[in-house]
Amino acid sequence: MSRLAPLFETCRAENRAALVGYLPAGYPTVPEGTALLSAMIDGGCDLVEVGLPHSDPVMDGPTVEAAAHQALRNGFRVRDLFPTVEALAAKGGRAVVMTYWNPVHRYGVDAFARDLAAAGGLGVITPDLIPDEAEDWLAAAETHDLDRIFLVAPASTDERLVRAAKASRGFLYAASTMGVTGARDTVSSMAPTLVGRLRQHTDIPVGVGLGVRSGAQAAEVAAFADAVIVGSAFVSATARGEQGVRELAGELAAGVRSAVVTGA
């Protein structure tokens, strides 16, 4: 059974989407980053997506990339990820990790899964790992009972959607645009179509990310998706400290609860 199934069951019972907030671990420092992630939980995020800072990101836009680089300049290392997740789990939060594949491969695939599960992590989002090349990861995730979340995009073929859905557990990450992360003025019109295509092939929950920065936009996405994923806006909110992060989470949480669910 998916580690995230109880979360989505609760949200369905409340007739709403889940709110997922992203911040890089160790930003700006390890202890400050942990406090900011905790503030997201306090503010109303149902799930936190803990990013593993990477020196050469391919999906992250300039806001997230700058934050990750600052974390690395301030000394963050992969070993710091696990205490961060452990601290969030200890306060009752739910956490998954978003990481590019290279750090996992270098750390050791089974060791990474083992240490994340021991810290209380529930799963991993792997934006640059496709199911076709994920045999080692799927085995390690199964051994240590972690959810595995693969990505699809508007350009994905139906065959690719089916393959990603079959390999995923927990939820599917639907990128709303073909670009990189970053808050936008409007929600991509391609996102509802992508979610609708996925619904034709799978009943696994679908989370939509890239572009949301306000409660109104969160409500718009929550009308057709099972989860609303917000990253860059949270990074920007850190300029106002824990209070700024907590206030944004509250606004977004109110947004997902106000959505008129229409399906996709």
# chains A, B, ... in the order shown; residues from 1 in each chain; ligands from 1
$ select_by_dssp --residues "stretch 46-244 of chain A" --states "alpha helix (DSSP H)" --output "count of residues only"
87
$ select_by_dssp --residues "stretch 42-229 of chain A" --states "strand (DSSP E or B)" --output "ChimeraX atom specification"
/A:47-51,95-98,123-125,147-149,151-152,172-175,206-209,227-229
$ residues_around --residues "A:Asn74" --least-positions-apart "4" --cutoff "8 Å" --atoms "only C-alpha atoms" --output "list in words"
Pro28, Thr29 and Gln70 of chain A
$ residues_around --residues "A:Val64" --least-positions-apart "4" --cutoff "9 Å" --atoms "only C-alpha atoms" --output "list in words"
Leu23, Pro24, Asp60, Ala68, His69, Thr181, Gly182, Gly231, Ser232, Val235 and Ser236 of chain A
$ closest_residue --among "A:Ala119, A:Leu194, A:Ile130, A:Ala17" --to "A:Thr84" --atoms "only C-alpha atoms"
A:Ala119
$ residues_around --residues "A:Ser214" --least-positions-apart "4" --cutoff "8 Å" --atoms "only C-alpha atoms" --output "NGL selection string"
:A and (218 or 248 or 251-252 or 255)
$ atom_distance --atom1 "atom CA of A:Thr10" --atom2 "atom CA of A:Ala25"
26.9 Å
$ residues_around --residues "A:Val85" --least-positions-apart "2" --cutoff "7 Å" --atoms "only C-alpha atoms" --output "PDB file with all heavy atoms, in the first residue's frame"
ATOM      1  N   LEU A  81      20.570  15.620   4.476  1.00  0.00           N
ATOM      2  CA  LEU A  81      19.171  15.451   4.080  1.00  0.00           C
ATOM      3  C   LEU A  81      18.389  14.646   5.118  1.00  0.00           C
ATOM      4  O   LEU A  81      17.251  15.000   5.463  1.00  0.00           O
ATOM      5  CB  LEU A  81      19.105  14.739   2.721  1.00  0.00           C
ATOM      6  CG  LEU A  81      17.708  14.356   2.237  1.00  0.00           C
ATOM      7  CD1 LEU A  81      16.922  15.585   1.808  1.00  0.00           C
ATOM      8  CD2 LEU A  81      17.807  13.364   1.065  1.00  0.00           C
ATOM      9  N   PHE A  82      18.996  13.591   5.608  1.00  0.00           N
ATOM     10  CA  PHE A  82      18.254  12.644   6.446  1.00  0.00           C
ATOM     11  C   PHE A  82      17.860  13.233   7.814  1.00  0.00           C
ATOM     12  O   PHE A  82      16.728  13.040   8.254  1.00  0.00           O
ATOM     13  CB  PHE A  82      19.042  11.341   6.564  1.00  0.00           C
ATOM     14  CG  PHE A  82      19.412  10.796   5.209  1.00  0.00           C
ATOM     15  CD1 PHE A  82      20.720  10.852   4.741  1.00  0.00           C
ATOM     16  CD2 PHE A  82      18.429  10.281   4.375  1.00  0.00           C
ATOM     17  CE1 PHE A  82      21.056  10.383   3.482  1.00  0.00           C
ATOM     18  CE2 PHE A  82      18.748   9.815   3.098  1.00  0.00           C
ATOM     19  CZ  PHE A  82      20.063   9.866   2.653  1.00  0.00           C
ATOM     20  N   PRO A  83      18.752  13.944   8.506  1.00  0.00           N
ATOM     21  CA  PRO A  83      18.305  14.602   9.744  1.00  0.00           C
ATOM     22  C   PRO A  83      17.203  15.627   9.512  1.00  0.00           C
ATOM     23  O   PRO A  83      16.339  15.824  10.376  1.00  0.00           O
ATOM     24  CB  PRO A  83      19.592  15.272  10.265  1.00  0.00           C
ATOM     25  CG  PRO A  83      20.712  14.523   9.639  1.00  0.00           C
ATOM     26  CD  PRO A  83      20.206  14.093   8.300  1.00  0.00           C
ATOM     27  N   ALA A  87      13.631  15.323  11.342  1.00  0.00           N
ATOM     28  CA  ALA A  87      13.070  16.378  12.186  1.00  0.00           C
ATOM     29  C   ALA A  87      11.629  16.686  11.797  1.00  0.00           C
ATOM     30  O   ALA A  87      10.773  16.925  12.653  1.00  0.00           O
ATOM     31  CB  ALA A  87      13.926  17.642  12.067  1.00  0.00           C
ATOM     32  N   LEU A  88      11.332  16.667  10.492  1.00  0.00           N
ATOM     33  CA  LEU A  88       9.969  16.935  10.032  1.00  0.00           C
ATOM     34  C   LEU A  88       9.032  15.808  10.440  1.00  0.00           C
ATOM     35  O   LEU A  88       7.904  16.047  10.881  1.00  0.00           O
ATOM     36  CB  LEU A  88       9.959  17.108   8.508  1.00  0.00           C
ATOM     37  CG  LEU A  88      10.811  18.266   7.971  1.00  0.00           C
ATOM     38  CD1 LEU A  88      10.853  18.230   6.455  1.00  0.00           C
ATOM     39  CD2 LEU A  88      10.264  19.591   8.460  1.00  0.00           C
ATOM     40  N   ALA A  89       9.507  14.565  10.301  1.00  0.00           N
ATOM     41  CA  ALA A  89       8.685  13.415  10.690  1.00  0.00           C
ATOM     42  C   ALA A  89       8.428  13.419  12.191  1.00  0.00           C
ATOM     43  O   ALA A  89       7.339  13.058  12.656  1.00  0.00           O
ATOM     44  CB  ALA A  89       9.364  12.120  10.255  1.00  0.00           C
ATOM     45  N   ALA A  95       6.806  13.831   4.641  1.00  0.00           N
ATOM     46  CA  ALA A  95       7.838  14.358   3.757  1.00  0.00           C
ATOM     47  C   ALA A  95       8.218  13.346   2.683  1.00  0.00           C
ATOM     48  O   ALA A  95       8.359  12.152   2.954  1.00  0.00           O
ATOM     49  CB  ALA A  95       9.086  14.741   4.568  1.00  0.00           C
ATOM     50  N   ALA A 119      14.726   7.591   8.308  1.00  0.00           N
ATOM     51  CA  ALA A 119      14.485   8.967   8.782  1.00  0.00           C
ATOM     52  C   ALA A 119      13.003   9.314   8.821  1.00  0.00           C
ATOM     53  O   ALA A 119      12.642  10.375   9.337  1.00  0.00           O
ATOM     54  CB  ALA A 119      15.227   9.954   7.879  1.00  0.00           C
ATOM     55  N   GLY A 120      12.167   8.455   8.256  1.00  0.00           N
ATOM     56  CA  GLY A 120      10.728   8.747   8.250  1.00  0.00           C
ATOM     57  C   GLY A 120      10.213   9.301   6.936  1.00  0.00           C
ATOM     58  O   GLY A 120       9.051   9.704   6.852  1.00  0.00           O
ATOM     59  N   GLY A 121      11.061   9.335   5.898  1.00  0.00           N
ATOM     60  CA  GLY A 121      10.606   9.785   4.583  1.00  0.00           C
ATOM     61  C   GLY A 121       9.616   8.799   3.981  1.00  0.00           C
ATOM     62  O   GLY A 121       9.677   7.599   4.262  1.00  0.00           O
TER      63      GLY A 121
END
$ decode --residues "stretch 213-238 of chain A" --atoms "C-alpha atoms" --output "mmCIF file, in the first residue's frame"
data_model
loop_
_atom_site.group_PDB
_atom_site.id
_atom_site.type_symbol
_atom_site.label_atom_id
_atom_site.label_comp_id
_atom_site.auth_asym_id
_atom_site.auth_seq_id
_atom_site.Cartn_x
_atom_site.Cartn_y
_atom_site.Cartn_z
ATOM 1 C CA ARG A 213 2.030 31.197 -6.405
ATOM 2 C CA SER A 214 -1.334 32.309 -4.936
ATOM 3 C CA GLY A 215 -4.421 30.980 -3.221
ATOM 4 C CA ALA A 216 -6.519 31.759 -6.299
ATOM 5 C CA GLN A 217 -4.180 29.761 -8.537
ATOM 6 C CA ALA A 218 -4.128 26.918 -6.013
ATOM 7 C CA ALA A 219 -7.921 26.814 -6.117
ATOM 8 C CA GLU A 220 -7.837 26.767 -9.912
ATOM 9 C CA VAL A 221 -5.518 23.723 -9.980
ATOM 10 C CA ALA A 222 -7.302 21.997 -7.086
ATOM 11 C CA ALA A 223 -10.478 21.949 -9.182
ATOM 12 C CA PHE A 224 -9.030 19.231 -11.426
ATOM 13 C CA ALA A 225 -5.967 17.725 -9.660
ATOM 14 C CA ASP A 226 -5.489 15.613 -6.528
ATOM 15 C CA ALA A 227 -2.558 17.692 -5.304
ATOM 16 C CA VAL A 228 -1.280 21.219 -5.880
ATOM 17 C CA ILE A 229 2.516 21.472 -5.767
ATOM 18 C CA VAL A 230 4.126 24.846 -4.995
ATOM 19 C CA GLY A 231 7.877 25.501 -4.964
ATOM 20 C CA SER A 232 9.307 28.773 -6.247
ATOM 21 C CA ALA A 233 6.696 30.872 -4.447
ATOM 22 C CA PHE A 234 7.774 29.301 -1.158
ATOM 23 C CA VAL A 235 11.420 30.039 -1.911
ATOM 24 C CA SER A 236 10.480 33.674 -2.539
ATOM 25 C CA ALA A 237 8.446 33.741 0.683
ATOM 26 C CA THR A 238 11.536 32.798 2.696
#
